[in-house]
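Please read the structure below before turning to the comments.
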Amino acid sequence: MNALPITLDSDTRQMPLQPTLQSTLEGLDLLGIAALVCRIEDDAVWIAEANALARRQLALDTELPAADPWQWLDGKLQPLAADAHPARQCDTSAPQRWQRYHLRDHRGELRALRLRCRGVDADGERQVLLALDRITAIAPPPAQPRTRTPQLPASLRQWIGSLPIGACVLDAAGYLCLVNPALCNFFGYAACELLERHFQVLLAPASRELGQRYHQTSLTSGGQRSLELMRRDGSLCAMQVEDSVVHYVDGQPLRIACLVDMTAQRDQTRALQARNRRLEYLATRDEMTGLHNRRYGQQLLEQAMQRSRRYGEPLAVAMLDLDHFKAVNDEHGHAVGDDVLREFSSLVGTLLRQSDTLIRWGGEEFLLLLPGVDRGAAQATLDRILARLAQQPLSACELQLSFSAGIAEPRQTTPQALLERVDAALYQAKQAGRGCVTLADGAPQVTALNQDPAGPQESPVPEDSTVPEDPELPENLGLCANPASSEDPAMSEDTTTRETLALSGRPAGPTVAT
Amino acid sequence: MPGCARHESVCRRCDAPLPFDFTMAFQPLVDLERGEIYGYEALVRGSDGGSAASVLSRVDDDNLYRFDQACRVKALELAHRLGHQGLLSINFLPNAVYEPEACIQATLITAERLGWPVDRLCFEIIETEKVRDRRHLHNIVSAYRDMGMTVALDDFGSGHANLDLLVDISPDLLKIDRRLVDGVDTAPRQQILIEQIVTLAEKLDIALVAEGVETLEEARWLYRRGIVRQQGYWYARPETEGLPQCQPAQFALVRGQH
């Protein structure tokens with residue numbers, strides 16, 4: 001009789017599948033069953049192969065084949081004799097029944113499992129296939145073996161049991177010998193779950209080390225301490241622990257600890273601290289921009305001036321005023337105006353050094369303290385900010401804004417006098433056509449914003465500047481008799497007129513204009 | 001596959017209730033040589049007495065795994081309740097092999113609960129033409145056999161050429177398709193095919209079962225060609241939630257001892 005013509009897929013032909021041990025191992029892996037192939041030699045059992053699940057569940061990370069790395073124990077945790085290895089017990093090719101075993105690895109980790117073995121032929125050699133199922137890690141026993149529980153006098157039990165606050169008794173090793181109902185209620189345990197257990201079970205993980213140290217080092221005396229403890233449900237609580245050490249039974253020290261829940265108080269304190277921080281923030285900051293406010297800025301200015309004087313360091317103080325900001329508010333609304341102020345503040349903030357301080361002085365005015373910097377460097381800084389602002393439209397309306405700024409150095413003056421000089425310089429900058437920076441004791445500087453891109457202007461300080469170079473002379477000659485009064489609303493109309501005139505090229509202003 | 005619902009207890013793919021009810025019918029598998037019923041095949045039926053097709057039409061990709069698992073559990077529970085002691089043959093939806101871990105664990109847990117030895121379980125692989133990943137199937141079948149279960153290839157010799165599966169998965173049993181059996185005593189071409197299958201099975205050391213035996217003549221012809229394990233209406237129809245029996249006289253008739 002001829003055999004049927006058998007046609008095979010090309011795939012199949014390339015990879016003939018035989019019922020090999022390998023496929024059984026992989027199949028058991030797919031079925032969620034760990035499997036090992038053992039080779040039995042006279043003196044040792046070798047692990048020849050393991051499927052991926054066995055490697056994972058038994059934490060087997062060595063290269064195979066390797067000598068059996070485990071200690072085998074029977075279902076009742078009795079260690080097996082060397083010749084009682086389950087692989088040695090297997091003498092049939094049919095799978096045997098599941099049997100319970102335990103394994104201990106070199107780390108001391110213990111696992112319970114059930115096992116079935118079957119003899120197989122691999123490479124002409126007799127081997128044993130072990131199928132391992134229900135592998136469960138067993139938590140190691142506590143490191144310190146429990147000593148005998150001291151017998152506590154009935155009076156002590158009664159007394160502690162009736163306390164309305166949580167109380168417990170610990171032995172010298174830190175195990176709980178007595179817990180009262182108030183403590184059990186608070187932590188959510190039954191008394192039997194806590195007795196004989198180490199007190200660490202009640203501590204939050206973060207405070208375990210501290211608690212252990214405290215317990216070990218203060219066995220001669222009691223004390224008082226705040227610790228973070230953990231309830232059964234994992235919630236943390238701040239407790240005040242007050243305890244005393246007694247020698248009740250055969251001279252063994254016992255610690256009687258009372259626990260008072262301070263969580264509410266702690267939370268209250270924290271809330272209060274948070275509120276105080278908030279108040280401090282509100283007192284020193286401008287809420288809209290997050291910058292220091294004017295009141296605090298004044299302090300900062302004084303401090304900076306004192307420091308400058310004491311250490312002989314230069315200090316440059318600048319006042320920045322956004323140009324035509326009123327028009328922004330009028331045309332786009334105050335929300336856009338606020339956005340502009342916020343974005344402007346953060347933009348300037350990114351362009352300053354850590355040691356520089358930007359203060360929202362009021363409205364669209366910003367005071368800038370630049371310690372360790374002379375006015376020339378300050379001017380360079382502000383020019384850089386102006387140039388950057390020219391490339392950065394602000395707010396959702398993409399408004400292109402500029403600012404005018406005045407700069408002054410302290411030179412033995414009071415903060416008030418210094419601010420007046422800065423204001424005056426700012427006023428000059430406004431008069432010079434805005435978008436520029438003026439030195440209080442020098443001439444206005446034309447900045448990139450107002451320059452003709454075709455030809456940058458040389459020498460922004462003309463010979464015939466009406467602003468005197470001599471710092472000893474009274475400042476603000478000519479342009480504004482009383483710069484402080486520019487804040488007076490009655491004067492603003494007039495100021496605008498003058499600014500307009502300056503823009504139209506009136507020679508009374510700084511000679512450089514667009 | 002790893003990450004089964006049973007281990008994560010989130011996906012509910014295996015544990016959620018099926019949106020329909022079903023039950024199982026049992027049909028005897030006879031061994032003519034030993035003159036006895038050696039096992040039963042569990043077949044799906046509607047709980048209202050509907051056909052297998054009426055149930056299977058409601059199985060979709062979403063509930064395939066649950067259904068496959070529920071079939072095994074139900075078959076085992078019913079067979080146990082009915083006091084069956086022999087082999088239990090259960091159909092194995094090959095696409096369920098893509099979630100084999102959940103399925104085997106449910107089967108093992110049920111078998112253990114009922115005290116049913118796993119070596120009295122046989123899985124019949126059907127619709128083999130739908131299995132794309134042969135290697136995967138091969139690994140699972142190897143593992144099933146290692147667990148002590150028997151694996152049968154169902155509907156052998158039907159439309160799709162699944163001869164290559166003989167090479168791929170080396171089953172314990174081949175079930176000859178009813179279309180080859182139907183009227184074989186008078187159909188010379190079918191006879192040639194079956195004779196070839198017998199030779200093949202002998203050489204590959206695979207046992208044969210003839211399905212769909214409906215007449216005495218078919219049974220006799222198959223028995224004379226050495227196919228001693230048979231199944232079909234001639235012996236007994238499937239009975240819902242019952243274990244139908246055969247008359248000893250039937251075995252004697254087939255063996256020609258009358």
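Residues in the structure tokens are numbered from 1 in each chain, the chains being A, B, ... in the order shown, and ligands are numbered from 1 in the order shown.
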
Show which residues sit within 8 Å of segment 138-150 of chain B, as number ranges by chain. Count only C-alpha atoms, and ignore same-chain residues fewer than 6 positions away.
A: 17, 19, 23-28, 30-31, 94-95; B: 97, 100, 118-123, 168-169, 171-173

For the selection just defined, write its residues with C-alpha atoms to a file, as a PDB file, in the first residue's frame.
```pdb
ATOM      1  CA  LEU A  17       8.192  20.667  14.411  1.00  0.00           C
ATOM      2  CA  PRO A  19       7.416  16.969  19.829  1.00  0.00           C
ATOM      3  CA  SER A  23       8.200  22.807  22.612  1.00  0.00           C
ATOM      4  CA  THR A  24       6.792  21.285  25.788  1.00  0.00           C
ATOM      5  CA  LEU A  25       8.702  23.843  27.834  1.00  0.00           C
ATOM      6  CA  GLU A  26       7.388  26.675  25.694  1.00  0.00           C
ATOM      7  CA  GLY A  27       3.866  25.295  25.742  1.00  0.00           C
ATOM      8  CA  LEU A  28       3.868  25.020  29.516  1.00  0.00           C
ATOM      9  CA  LEU A  30       2.078  29.614  27.503  1.00  0.00           C
ATOM     10  CA  LEU A  31      -0.177  27.748  29.899  1.00  0.00           C
ATOM     11  CA  ALA A  94       3.938   9.223  32.657  1.00  0.00           C
ATOM     12  CA  PRO A  95       3.372  12.380  34.664  1.00  0.00           C
TER      13      PRO A  95
ATOM     14  CA  VAL B  97      -5.157  28.757  21.997  1.00  0.00           C
ATOM     15  CA  PRO B 100      -4.265  29.263  26.616  1.00  0.00           C
ATOM     16  CA  VAL B 118      -6.517  15.237  33.883  1.00  0.00           C
ATOM     17  CA  ASP B 119      -5.367  12.110  32.049  1.00  0.00           C
ATOM     18  CA  ARG B 120      -9.067  11.328  31.560  1.00  0.00           C
ATOM     19  CA  LEU B 121      -9.447  14.487  29.489  1.00  0.00           C
ATOM     20  CA  CYS B 122      -9.110  14.565  25.726  1.00  0.00           C
ATOM     21  CA  PHE B 123      -9.054  17.762  23.706  1.00  0.00           C
ATOM     22  CA  ASP B 168       3.266  19.566  13.312  1.00  0.00           C
ATOM     23  CA  ILE B 169       1.445  18.496  16.408  1.00  0.00           C
ATOM     24  CA  PRO B 171      -1.750  14.032  18.074  1.00  0.00           C
ATOM     25  CA  ASP B 172      -2.597  10.943  20.078  1.00  0.00           C
ATOM     26  CA  LEU B 173      -5.778  10.371  18.135  1.00  0.00           C
TER      27      LEU B 173
END
```

Could you pull out the strand (DSSP E or B) residues of segment 65-194 of chain B, going by DSSP on the backbone, and write them as number ranges by chain?
B: 87-92, 121-125, 150-156, 173-176

Atom CA of Val336 of chain A to atom CA of Thr350 of chain A, distance in Å rounded to a single decimal
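Separation of atom CA of Val336 of chain A and atom CA of Thr350 of chain A: 21.0 Å.
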
Give me, as a ChimeraX atom specification, all polymer residues having an atom no more than 10 Å from Ala139 of chain A, counting only C-alpha atoms and skipping those fewer than 6 positions away in the same chain.
/A:109-111

Write the residues you've just listed into a file as a PDB file, in the first residue's frame, and include C-alpha atoms for each of them.
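Resulting contents of part.pdb:
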```pdb
ATOM      1  CA  GLU A 109      13.672  33.542  49.954  1.00  0.00           C
ATOM      2  CA  LEU A 110      11.191  30.756  50.424  1.00  0.00           C
ATOM      3  CA  ARG A 111       8.605  29.699  47.869  1.00  0.00           C
TER       4      ARG A 111
END
```

In Å, rounded to a single decimal, give me how far atom CA of Met288 of chain A is from atom CA of Cys397 of chain A.
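Calculated distance between atom CA of Cys397 of chain A and atom CA of Met288 of chain A is 18.8 Å.
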
I'd like the contact shell of segment 256-259 of chain A - 9 Å cut-off, only C-alpha atoms, skipping same-chain residues fewer than 5 positions apart - returned as a compact mmCIF listing (two decimals) with C-alpha atoms, in the first residue's frame.
```txt
# COMPACT_ATOMS: atom_id res chain seq x y z
CA ILE A 160 -3.73 49.92 80.49
CA ILE A 165 -5.92 56.94 74.93
CA GLY A 166 -3.96 54.45 72.87
CA ALA A 167 -1.40 52.59 74.96
CA CYS A 168 0.80 49.55 74.53
CA VAL A 169 3.55 47.62 76.23
CA LEU A 170 6.70 46.63 74.34
CA LEU A 183 -5.04 51.79 70.32
CA GLY A 222 11.24 57.02 78.99
CA MET A 239 1.46 60.96 67.05
CA GLN A 240 2.94 62.20 70.22
CA VAL A 241 4.46 59.15 71.94
CA GLU A 242 5.05 59.40 75.67
CA ASP A 243 6.55 56.44 77.35
CA SER A 244 8.22 55.17 80.43
CA VAL A 245 10.39 52.12 81.06
CA VAL A 246 9.58 49.79 83.90
```

Using only C-alpha atoms, which residue out of B:Gly86, B:Pro117, B:Pro248, B:Gly226 lies closest to chain A?
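Closest to chain A of all the choices is B:Pro117.
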
By how many Å are atom CA of Arg421 of chain A and atom CA of Ala387 of chain A apart?
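Computing the Euclidean distance for atom CA of Arg421 of chain A and atom CA of Ala387 of chain A yields 24.4 Å.
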